[in-house]
Amino acid sequence: MTELKFVYVTYIATTPEKLWQALTDGAFTERYWFGTRIESDWSLGAKVSFRSDGSISDYGEVLECKPYTRLSYSWHVKFHEAFSRERPSRVTFELEPVGPGRAEVKLTVTHEDFDPGSKVLAAVSNGWPVILASLKSILETGTALAATSAEAAKAAKEKAIALAESA
Amino acid sequence: MRESKFLPKTVYVTYIASTPEKVWEALTSAELTRQFFFSRTIEIEPMVGGSFAMRMPDGKFDIKGKVIEWDPPRRLSVTWGVAFEEFRELPESLVTYDIEPMGGSVKLTMTEAHQWDVPDAILAGGRQGWPLVLSSLKSLLETGKPIVVSVKMGPPKEMIEAIKEAVATKPWRKAEAGE
């Protein structure tokens, strides 16, 4: 419970290739990730940018990239000073086919490298389940959850800031 | 029994494009649990104090407990005793589902709470199983089809070892004595 990382596992009826595209194509991420385009050329050491409303909110660097299997990048949350004073954390996506015929994938998301008392960790622990639920929905049904739309982003960010400032 | 002595050890949250009533129905209907909960059918008396069990395809029960909270379509809480031989002496846990409407979807929170200082090796079983069960429930409600996996999902080996050790040493007795 007090461990300084967040781990979430979900199972998605899709292929590793489609899931990979959903994680690495900015035009796709903005459909289920609160309107955020996550863009990079995904080569080792390349910059990763998180763009919403036309401006870069966060950025990071590619730490590992093994297509359809494993992706890891650092992440510096910049959209508010409650978070930007913390050092960059690290997020890793592991994709594992588990079903008959590569049509079911186990996705494990690990978000780590936080200092004790991290406000970013508290915020992402709330944020990941809804983003990953929306990712699963869009891959399985073609429609993301309304709760992660670009319109919902402002309220979600305000809630995260209020939580960080009250702690 | 006092629920306050149970401490949450594993929490899983998901969001489902559905209604609280349909999520409640999925969690409490034998026909639906059979499709998303490792082929188990639920048997539950719809009232506080009622009996609760999960039946395996071979007809035997592997989970038995009692209904602690029955508040459709918001909150269901049951005691959770594993009926397998090796597990039978372990103190039962408490499993709670909280269902909340949220932004046009439903937020479902599963909390597994324990009344003793359970080692991580034993918690690993639930931590492996719940994500699949709840991912499959979400798929079933959104697409009509559960998640099918071909990899085997039995209890981890370390878990069986940890259960044998716990049953031999009964560390929960210390907690009871300290009350």
# chains A, B, ... in the order shown; residues from 1 in each chain; ligands from 1

$ residues_around --residues "Gly35 (chain A)" --least-positions-apart "6" --cutoff "7 Å" --atoms "only C-alpha atoms" --output "JSON, numbers by chain"
{"A": [52, 149, 150]}

$ residues_around --residues "region 39-44 of chain A" --least-positions-apart "5" --cutoff "6 Å" --atoms "only C-alpha atoms" --output "VMD selection string"
chain A and resid 26 49 62 to 63

$ write_last_selection --atoms "N, CA and C atoms" --output "mmCIF file, in the first residue's frame"
data_model
loop_
_atom_site.group_PDB
_atom_site.id
_atom_site.type_symbol
_atom_site.label_atom_id
_atom_site.label_comp_id
_atom_site.auth_asym_id
_atom_site.auth_seq_id
_atom_site.Cartn_x
_atom_site.Cartn_y
_atom_site.Cartn_z
ATOM 1 N N GLY A 26 -0.286 9.665 -31.691
ATOM 2 C CA GLY A 26 -0.921 10.826 -31.054
ATOM 3 C C GLY A 26 -2.371 11.035 -31.467
ATOM 4 N N SER A 49 6.363 14.020 -26.224
ATOM 5 C CA SER A 49 5.616 15.213 -25.810
ATOM 6 C C SER A 49 4.142 14.880 -25.612
ATOM 7 N N VAL A 62 12.181 8.602 -24.319
ATOM 8 C CA VAL A 62 12.012 7.159 -24.524
ATOM 9 C C VAL A 62 13.171 6.409 -23.864
ATOM 10 N N LEU A 63 12.841 5.488 -22.960
ATOM 11 C CA LEU A 63 13.869 4.730 -22.248
ATOM 12 C C LEU A 63 14.022 3.309 -22.784
#

$ closest_residue --among "A:Gly127, A:Gly117, A:Gly54, A:Gly45" --to "chain B" --atoms "only C-alpha atoms"
A:Gly127

$ closest_atom_pairs --of "chain A" --to "chain B" --cutoff "9 Å" --atoms "only C-alpha atoms" --output "JSON lines"
{"residue": "A:Met1", "atom": "CA", "partner": "B:Lys9", "partner_atom": "CA", "distance": 7.2}
{"residue": "A:Tyr8", "atom": "CA", "partner": "B:Pro131", "partner_atom": "CA", "distance": 8.1}
{"residue": "A:Val9", "atom": "CA", "partner": "B:Pro131", "partner_atom": "CA", "distance": 5.8}
{"residue": "A:Thr10", "atom": "CA", "partner": "B:Pro131", "partner_atom": "CA", "distance": 5.7}
{"residue": "A:Tyr11", "atom": "CA", "partner": "B:Ser135", "partner_atom": "CA", "distance": 5.6}
{"residue": "A:Ile12", "atom": "CA", "partner": "B:Ile147", "partner_atom": "CA", "distance": 7.4}
{"residue": "A:Ala13", "atom": "CA", "partner": "B:Ile147", "partner_atom": "CA", "distance": 6.5}
{"residue": "A:Pro97", "atom": "CA", "partner": "B:Val149", "partner_atom": "CA", "distance": 8.9}
{"residue": "A:Val98", "atom": "CA", "partner": "B:Val149", "partner_atom": "CA", "distance": 5.4}
{"residue": "A:Gly99", "atom": "CA", "partner": "B:Val149", "partner_atom": "CA", "distance": 4.1}
{"residue": "A:Pro100", "atom": "CA", "partner": "B:Ser150", "partner_atom": "CA", "distance": 5.6}
{"residue": "A:Glu104", "atom": "CA", "partner": "B:Val149", "partner_atom": "CA", "distance": 6.9}
{"residue": "A:Val105", "atom": "CA", "partner": "B:Val149", "partner_atom": "CA", "distance": 8.7}
{"residue": "A:Lys106", "atom": "CA", "partner": "B:Leu132", "partner_atom": "CA", "distance": 8.7}
{"residue": "A:Pro129", "atom": "CA", "partner": "B:Thr14", "partner_atom": "CA", "distance": 5.7}
{"residue": "A:Val130", "atom": "CA", "partner": "B:Tyr15", "partner_atom": "CA", "distance": 6.0}
{"residue": "A:Leu132", "atom": "CA", "partner": "B:Thr14", "partner_atom": "CA", "distance": 8.3}
{"residue": "A:Ala133", "atom": "CA", "partner": "B:Tyr15", "partner_atom": "CA", "distance": 5.6}
{"residue": "A:Ser134", "atom": "CA", "partner": "B:Tyr15", "partner_atom": "CA", "distance": 7.6}
{"residue": "A:Lys136", "atom": "CA", "partner": "B:Ser139", "partner_atom": "CA", "distance": 8.5}
{"residue": "A:Ser137", "atom": "CA", "partner": "B:Glu142", "partner_atom": "CA", "distance": 7.6}
{"residue": "A:Glu140", "atom": "CA", "partner": "B:Thr143", "partner_atom": "CA", "distance": 7.2}
{"residue": "A:Thr141", "atom": "CA", "partner": "B:Thr143", "partner_atom": "CA", "distance": 6.6}
{"residue": "A:Ala144", "atom": "CA", "partner": "B:Ala17", "partner_atom": "CA", "distance": 8.9}
{"residue": "A:Leu145", "atom": "CA", "partner": "B:Ala17", "partner_atom": "CA", "distance": 6.7}
{"residue": "A:Ala146", "atom": "CA", "partner": "B:Gly104", "partner_atom": "CA", "distance": 6.3}
{"residue": "A:Ala147", "atom": "CA", "partner": "B:Gly103", "partner_atom": "CA", "distance": 5.0}
{"residue": "A:Thr148", "atom": "CA", "partner": "B:Gly103", "partner_atom": "CA", "distance": 8.8}
{"residue": "A:Ala152", "atom": "CA", "partner": "B:Gly103", "partner_atom": "CA", "distance": 8.5}

$ closest_residue --among "A:Ala27, A:Leu139, A:Ala122, A:Leu71" --to "Glu165 (chain A)" --atoms "only C-alpha atoms"
A:Ala122

$ atom_distance --atom1 "CA of His76 (chain A)" --atom2 "CA of Ser166 (chain A)"
21.2 Å

$ atom_distance --atom1 "CA of Val23 (chain B)" --atom2 "CA of Pro73 (chain B)"
7.8 Å
